[in-house]
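Asker: One structure, pasted below without further comment.
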Amino acid sequence: MKTRNKLVRMSKVLSMAFVIFLQIYWYKIRRKPQAEWDILWGKIGERYRKTLFELEGLLIKVGQFLSTRADLLPKAFISQIEDLTDKVPPSDWSEIEEILAAESLQQKFLSIEKTAVASASIGEVYKGVLLDGTEVAIKVKRPYIDPIVQTDFRVLAIIIWFADHLVPIPKGFINFKVLFKELKEVIERELDYSKELDNILFFQERFKDMDVVKIPSVYSELSTANVLVMEWVDGIRITDVESLDNVSRKEIAKQLIQVFLPQWLEPGRFHADPHPGNVLVSKEGKIILLDFGMIGEITKKDAAHFQKLIESFLSKNYSKAVASLAQLGFLLPDAETRTIEKLLTEFASFQPEQLKEMDLLALKMEMNDMIQALPIQVPTRFVFLGRSFVTIEGIIRNLAPEEELIDLGKPVFMEWLNKQGNSKWSLVWQWIQSQPVFKLIHSVTEFLDAPKKLADLKEIEQRRQFQFTIYENNKKHLFQVTLLGLIGIVAGIYTSDDFIRNLSTGVSTATLIGYLISSHKQKKWMKYMHEKR
């Protein structure tokens with residue numbers, strides 16, 4: 001790492017963050033026009049990028065994460081960091097040698113090439129040969145990376161606290177505390193190679209019956225928390241389309257969907273970092289997956305909603321798709337479901353030949369603008385799932401630009417559905433519900449149910465107002481008694497009456513604690529009101 005001194009790292013990152021905060025506040029106070037905001041965000045992105053390459057470490061991971069949040073961040077900022085790669089200069093071989101010696105591993109290898117074949121922000125990969133002549137990949141954690149990451153996390157915690165309390169960002173858009181917690185958990189898992197070893201064994205077992213995918217074997221007896229020894233595999237980088245002449249690109253795209261669709265739909269672990277450097281193609285046309293350090297997990301409940309969402313898209317039942325998005329938390333409380341449904345319908349009506357005639361960069365910018373303008377968000381728990389999906393989608397479009405993504409995915413999804421033991425009637429029913437006649441019936445039903453829904457909403461608001469009044473009255477009474485107790489303390493001191501002073505002190509203390517508890521409960525209740533609205 002270029003800068004290992006803790007104080008230097010902290011000062012550089014914090015000074016960058018506070019300058020950014022001040023700039024945002026200044027523009028907010030001055031009510032600057034959108035054009036000047038775009039210029040500011042471009043400068044902020046450029047400054048962050050320069051600091052990132054100067055300090056490396058955790059900042060590269062954070063930059064990669066931020067580059068996927070077009071739903072939250074301005075496009076001028078995203079454009080400065082969206083092409084970041086997780087490739088940094090390798091460490092000195094003498095430092096790597098020290099790590100191998102500390103783990104008592106050097107004598108286990110016949111030879112090790114001193115030049116890294118891959119170098120990332122947390123680890124580096126070297127090619128080695130075992131004593132029996134077997135070629136292996138040796139993944140070594142970067143020297144001093146643990147204290148550097150811990151320092152960066154402390155700084156990030158400070159920045160997030162300020163952003164959460166002082167920066168004028170819409171609170172409905174993102175929960176900084178949850179975001180920080182999830183990012184910290186993922187990176188800390190990535191720092192422990194024994195956990196990556198467990199992930200490799202998990203995915204080997206998961207894909208043992210799937211011929212289209214290859215997971216490298218791992219040498220558990222030679223692996224530690226700092227070193228991971230794996231089978232050496234040769235393959236072609238999946239984005240190197242010119243070298244894939246002997247293999248059908250469309251078939252590879254389908255195989256990618258076969259490999260990743262179950263990961264996104266079934267509860268359990270999924271590969272959260274499938275960038276092109278981690279996805280290779282063998283000479284036989286198999287998908288080779290590498291680097292299982294960054295792994296996410298899906299709950300059973302979310303998996304069920306995602307399955308319904310895909311069924312809705314495949315049957316073109318966009319009202320059900322909107323309902324699934326709402327259940328997953330992608331829609332903010334004030335989202336107008338009919339508007340979202342119309343936008344999904346229009347977006348799905350694009351034909352591949354239309355996309356070929358468009359300026360794709362301009363289209364992407366327009367999509368970013370639309371996402372930011374709409375009352376939608378990416379829930380924090382799906383950040384890494386979204387990263388996985390967007391990365392694979394980009395690879396597939398690069399492999400098969402002539403094909404429609406839904407057309408490629410539909411047969412794979414139906415095959416997966418049959419394996420789950422689910423009936424096709426679910427999909428048929430979704431399709432029937434999407435038809436105009438059914439929509440008309442549904443609209444009439446909604447119209448007839450409208451008075452009851454309005455009455456329910458009115459009752460809910462009345463209950464809210466009643467609960468709010470209870471909190472306010474409790475606080476008011478407790479404050480009055482506290483004030484009365486303070487007067488009693490003064491009176492006890494003035495009259496030298498110990499009984500009155502002690503009684504008043506006890507009453508004041510008890511009511512003050514009650515006031516603070518009541519205020520905390522009210523604040524907590526008001527914080528989550530919008531989620532129930």
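Going through the structure tokens in order, the chains are called A, B, and so on, while each chain numbers its residues from 1 and the ligands are numbered from 1 in the order shown.
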DSSP says helix (DSSP H, G or I) for which residues of region 170-236 of chain A? Put them as a PyMOL selection string?
Answerer: chain A and resi 176-191+193-206+220-222
Asker: Those selected residues, please, written with N, CA, C and O atoms and delivered as a short mmCIF file (atom, residue, chain, number, x, y, z; two decimals), in the first residue's frame.
Answerer:
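Here's the written file selection-v9.cif:
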```
data_model
loop_
_atom_site.label_atom_id
_atom_site.label_comp_id
_atom_site.auth_asym_id
_atom_site.auth_seq_id
_atom_site.Cartn_x
_atom_site.Cartn_y
_atom_site.Cartn_z
N PHE A 176 -27.75 4.63 6.04
CA PHE A 176 -26.29 4.59 6.06
C PHE A 176 -25.75 3.58 7.07
O PHE A 176 -24.75 2.91 6.82
N LYS A 177 -26.42 3.45 8.22
CA LYS A 177 -25.93 2.55 9.25
C LYS A 177 -26.00 1.10 8.79
O LYS A 177 -25.05 0.32 8.97
N VAL A 178 -27.12 0.72 8.18
CA VAL A 178 -27.27 -0.65 7.68
C VAL A 178 -26.28 -0.90 6.54
O VAL A 178 -25.68 -1.97 6.44
N LEU A 179 -26.12 0.11 5.70
CA LEU A 179 -25.19 0.00 4.57
C LEU A 179 -23.76 -0.23 5.07
O LEU A 179 -23.05 -1.11 4.59
N PHE A 180 -23.34 0.54 6.07
CA PHE A 180 -22.00 0.40 6.63
C PHE A 180 -21.82 -0.97 7.27
O PHE A 180 -20.78 -1.63 7.08
N LYS A 181 -22.83 -1.42 7.99
CA LYS A 181 -22.75 -2.72 8.66
C LYS A 181 -22.58 -3.85 7.65
O LYS A 181 -21.75 -4.74 7.83
N GLU A 182 -23.37 -3.80 6.56
CA GLU A 182 -23.30 -4.86 5.56
C GLU A 182 -21.96 -4.83 4.82
O GLU A 182 -21.35 -5.87 4.57
N LEU A 183 -21.50 -3.63 4.48
CA LEU A 183 -20.21 -3.50 3.79
C LEU A 183 -19.08 -4.03 4.68
O LEU A 183 -18.18 -4.74 4.22
N LYS A 184 -19.14 -3.71 5.97
CA LYS A 184 -18.11 -4.15 6.92
C LYS A 184 -18.10 -5.68 7.04
O LYS A 184 -17.03 -6.30 7.04
N GLU A 185 -19.28 -6.27 7.12
CA GLU A 185 -19.36 -7.72 7.24
C GLU A 185 -18.78 -8.41 6.01
O GLU A 185 -18.04 -9.40 6.12
N VAL A 186 -19.11 -7.90 4.82
CA VAL A 186 -18.63 -8.51 3.58
C VAL A 186 -17.12 -8.41 3.46
O VAL A 186 -16.43 -9.38 3.14
N ILE A 187 -16.56 -7.22 3.75
CA ILE A 187 -15.11 -7.02 3.62
C ILE A 187 -14.35 -7.84 4.67
O ILE A 187 -13.30 -8.42 4.37
N GLU A 188 -14.88 -7.91 5.90
CA GLU A 188 -14.20 -8.69 6.94
C GLU A 188 -14.19 -10.17 6.59
O GLU A 188 -13.21 -10.87 6.89
N ARG A 189 -15.26 -10.66 5.97
CA ARG A 189 -15.27 -12.05 5.50
C ARG A 189 -14.23 -12.25 4.40
O ARG A 189 -13.56 -13.28 4.33
N GLU A 190 -14.08 -11.24 3.55
CA GLU A 190 -13.13 -11.33 2.45
C GLU A 190 -11.69 -11.32 2.94
O GLU A 190 -10.79 -11.85 2.28
N LEU A 191 -11.45 -10.74 4.12
CA LEU A 191 -10.10 -10.68 4.68
C LEU A 191 -9.67 -12.02 5.29
O LEU A 191 -8.48 -12.22 5.55
N TYR A 193 -9.28 -15.78 4.57
CA TYR A 193 -9.29 -16.75 3.47
C TYR A 193 -9.85 -18.11 3.89
O TYR A 193 -10.24 -18.91 3.03
N SER A 194 -9.90 -18.40 5.18
CA SER A 194 -10.52 -19.65 5.62
C SER A 194 -12.02 -19.64 5.33
O SER A 194 -12.62 -20.68 5.05
N LYS A 195 -12.63 -18.44 5.35
CA LYS A 195 -14.05 -18.32 5.00
C LYS A 195 -14.24 -18.45 3.50
O LYS A 195 -15.24 -19.02 3.04
N GLU A 196 -13.28 -17.94 2.72
CA GLU A 196 -13.37 -18.11 1.27
C GLU A 196 -13.23 -19.59 0.91
O GLU A 196 -13.89 -20.09 0.00
N LEU A 197 -12.36 -20.29 1.62
CA LEU A 197 -12.21 -21.73 1.40
C LEU A 197 -13.55 -22.44 1.63
O LEU A 197 -13.96 -23.30 0.84
N ASP A 198 -14.24 -22.06 2.70
CA ASP A 198 -15.56 -22.64 2.99
C ASP A 198 -16.55 -22.32 1.87
O ASP A 198 -17.36 -23.18 1.49
N ASN A 199 -16.48 -21.10 1.33
CA ASN A 199 -17.37 -20.74 0.23
C ASN A 199 -17.09 -21.57 -1.02
O ASN A 199 -18.02 -22.00 -1.72
N ILE A 200 -15.81 -21.81 -1.31
CA ILE A 200 -15.46 -22.62 -2.48
C ILE A 200 -16.02 -24.03 -2.34
O ILE A 200 -16.61 -24.57 -3.28
N LEU A 201 -15.86 -24.63 -1.16
CA LEU A 201 -16.39 -25.97 -0.92
C LEU A 201 -17.91 -25.99 -1.04
O LEU A 201 -18.49 -26.94 -1.56
N PHE A 202 -18.56 -24.91 -0.56
CA PHE A 202 -20.03 -24.81 -0.66
C PHE A 202 -20.47 -24.79 -2.12
O PHE A 202 -21.40 -25.53 -2.50
N PHE A 203 -19.83 -23.96 -2.95
CA PHE A 203 -20.23 -23.86 -4.35
C PHE A 203 -19.84 -25.10 -5.16
O PHE A 203 -20.52 -25.44 -6.12
N GLN A 204 -18.77 -25.77 -4.77
CA GLN A 204 -18.42 -27.04 -5.43
C GLN A 204 -19.53 -28.06 -5.21
O GLN A 204 -19.92 -28.77 -6.14
N GLU A 205 -20.04 -28.11 -3.99
CA GLU A 205 -21.13 -29.03 -3.68
C GLU A 205 -22.41 -28.61 -4.40
O GLU A 205 -23.15 -29.46 -4.91
N ARG A 206 -22.64 -27.32 -4.46
CA ARG A 206 -23.86 -26.81 -5.10
C ARG A 206 -23.90 -27.11 -6.59
O ARG A 206 -24.96 -27.42 -7.15
N SER A 220 -7.06 -27.68 1.09
CA SER A 220 -7.36 -27.24 2.46
C SER A 220 -6.16 -27.35 3.38
O SER A 220 -5.94 -26.49 4.24
N GLU A 221 -5.36 -28.42 3.19
CA GLU A 221 -4.21 -28.63 4.08
C GLU A 221 -3.10 -27.60 3.89
O GLU A 221 -2.25 -27.42 4.76
N LEU A 222 -3.10 -26.90 2.74
CA LEU A 222 -2.09 -25.89 2.48
C LEU A 222 -2.62 -24.46 2.66
O LEU A 222 -1.88 -23.49 2.48
#
```
Asker: Applying 12 Å and only C-alpha atoms, which residues near Ser282 (chain A) remain after dropping the ones on its own chain fewer than 4 positions away? List them as a PDB file with N, CA and C atoms, in the first residue's frame.
Answerer:
```pdb
ATOM      1  N   VAL A 212     -21.926 -27.486 -16.891  1.00  0.00           N
ATOM      2  CA  VAL A 212     -21.536 -26.270 -17.614  1.00  0.00           C
ATOM      3  C   VAL A 212     -20.645 -25.350 -16.798  1.00  0.00           C
ATOM      4  N   VAL A 213     -20.427 -25.675 -15.527  1.00  0.00           N
ATOM      5  CA  VAL A 213     -19.651 -24.781 -14.671  1.00  0.00           C
ATOM      6  C   VAL A 213     -18.497 -25.535 -14.016  1.00  0.00           C
ATOM      7  N   LYS A 214     -17.383 -24.831 -13.840  1.00  0.00           N
ATOM      8  CA  LYS A 214     -16.197 -25.405 -13.219  1.00  0.00           C
ATOM      9  C   LYS A 214     -15.780 -24.528 -12.037  1.00  0.00           C
ATOM     10  N   ILE A 215     -15.675 -25.152 -10.845  1.00  0.00           N
ATOM     11  CA  ILE A 215     -15.181 -24.465  -9.650  1.00  0.00           C
ATOM     12  C   ILE A 215     -13.822 -25.080  -9.312  1.00  0.00           C
ATOM     13  N   PRO A 216     -12.739 -24.293  -9.302  1.00  0.00           N
ATOM     14  CA  PRO A 216     -11.416 -24.860  -9.012  1.00  0.00           C
ATOM     15  C   PRO A 216     -11.369 -25.566  -7.660  1.00  0.00           C
ATOM     16  N   VAL A 233      -6.253 -23.208 -13.127  1.00  0.00           N
ATOM     17  CA  VAL A 233      -7.132 -23.457 -14.273  1.00  0.00           C
ATOM     18  C   VAL A 233      -6.814 -22.454 -15.381  1.00  0.00           C
ATOM     19  N   ASP A 234      -6.783 -22.948 -16.610  1.00  0.00           N
ATOM     20  CA  ASP A 234      -6.573 -22.081 -17.774  1.00  0.00           C
ATOM     21  C   ASP A 234      -7.915 -21.780 -18.409  1.00  0.00           C
ATOM     22  N   GLY A 235      -8.119 -20.544 -18.761  1.00  0.00           N
ATOM     23  CA  GLY A 235      -9.362 -20.155 -19.405  1.00  0.00           C
ATOM     24  C   GLY A 235      -9.234 -18.827 -20.110  1.00  0.00           C
ATOM     25  N   ILE A 236     -10.232 -18.525 -20.917  1.00  0.00           N
ATOM     26  CA  ILE A 236     -10.270 -17.270 -21.662  1.00  0.00           C
ATOM     27  C   ILE A 236     -11.163 -16.290 -20.904  1.00  0.00           C
ATOM     28  N   ARG A 237     -10.705 -15.078 -20.763  1.00  0.00           N
ATOM     29  CA  ARG A 237     -11.521 -14.038 -20.123  1.00  0.00           C
ATOM     30  C   ARG A 237     -12.834 -13.913 -20.883  1.00  0.00           C
ATOM     31  N   ILE A 238     -13.951 -13.915 -20.175  1.00  0.00           N
ATOM     32  CA  ILE A 238     -15.254 -14.012 -20.831  1.00  0.00           C
ATOM     33  C   ILE A 238     -15.586 -12.798 -21.699  1.00  0.00           C
ATOM     34  N   SER A 243     -11.489 -14.153 -28.835  1.00  0.00           N
ATOM     35  CA  SER A 243     -10.848 -15.448 -28.587  1.00  0.00           C
ATOM     36  C   SER A 243     -11.853 -16.570 -28.384  1.00  0.00           C
ATOM     37  N   LEU A 244     -13.141 -16.264 -28.493  1.00  0.00           N
ATOM     38  CA  LEU A 244     -14.186 -17.274 -28.272  1.00  0.00           C
ATOM     39  C   LEU A 244     -14.771 -17.789 -29.587  1.00  0.00           C
ATOM     40  N   ASN A 246     -14.337 -20.526 -31.248  1.00  0.00           N
ATOM     41  CA  ASN A 246     -14.704 -21.941 -31.313  1.00  0.00           C
ATOM     42  C   ASN A 246     -15.893 -22.290 -30.423  1.00  0.00           C
ATOM     43  N   VAL A 247     -16.391 -21.295 -29.710  1.00  0.00           N
ATOM     44  CA  VAL A 247     -17.508 -21.538 -28.785  1.00  0.00           C
ATOM     45  C   VAL A 247     -18.646 -20.588 -29.121  1.00  0.00           C
ATOM     46  N   ILE A 252     -22.821 -19.599 -24.382  1.00  0.00           N
ATOM     47  CA  ILE A 252     -22.138 -19.180 -23.151  1.00  0.00           C
ATOM     48  C   ILE A 252     -23.036 -18.251 -22.333  1.00  0.00           C
ATOM     49  N   LYS A 286     -16.843 -24.480 -20.865  1.00  0.00           N
ATOM     50  CA  LYS A 286     -17.423 -24.416 -19.524  1.00  0.00           C
ATOM     51  C   LYS A 286     -17.162 -23.054 -18.892  1.00  0.00           C
ATOM     52  N   ILE A 287     -18.074 -22.637 -18.025  1.00  0.00           N
ATOM     53  CA  ILE A 287     -17.904 -21.408 -17.255  1.00  0.00           C
ATOM     54  C   ILE A 287     -17.014 -21.710 -16.050  1.00  0.00           C
ATOM     55  N   ILE A 288     -15.932 -20.955 -15.899  1.00  0.00           N
ATOM     56  CA  ILE A 288     -15.033 -21.114 -14.746  1.00  0.00           C
ATOM     57  C   ILE A 288     -15.250 -19.927 -13.809  1.00  0.00           C
ATOM     58  N   LEU A 289     -15.642 -20.202 -12.572  1.00  0.00           N
ATOM     59  CA  LEU A 289     -15.851 -19.141 -11.583  1.00  0.00           C
ATOM     60  C   LEU A 289     -14.670 -19.079 -10.619  1.00  0.00           C
TER      61      LEU A 289
END
```
Asker: Do you know which residues are at most 10 Å from Lys114 (chain A) counting only C-alpha atoms, after dropping those on the same chain fewer than 6 positions away, and could you put them as a PyMOL selection string?
Answerer: chain A and resi 92-94+96-97+126-128
Asker: Excluding region 272-274 of chain A and residues on its chain fewer than 5 positions from it, collect all residues at most 10 Å away from it, counting only C-alpha atoms, and give them as a ChimeraX atom specification.
Answerer: /A:186,260,263,279,289-297,383-392,395
Asker: List as a ChimeraX atom specification the protein and nucleic acid residues near Val149 (chain A), meaning an atom at most 12 Å away when only C-alpha atoms are counted, but skip any in the same chain fewer than 5 places from it.
Answerer: /A:1,3-6,9-10,55-62,121-122,142-144,154-156,183-184,187-188,190-191
Asker: Using only C-alpha atoms, which of A:Glu393, A:Glu46, A:Glu415, A:Glu311 sits nearest Pro262 (chain A)?
Answerer: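 Looking at the shortest contact to Pro262 (chain A), the residue is A:Glu415.
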Asker: Have a look at A:Leu344, A:Leu483, A:Ile298, A:Leu408 and name the one nearest to Tyr318 (chain A); count only C-alpha atoms.
Answerer: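 Ranking A:Leu344, A:Leu483, A:Ile298, A:Leu408 by distance to Tyr318 (chain A), first place goes to A:Leu344.
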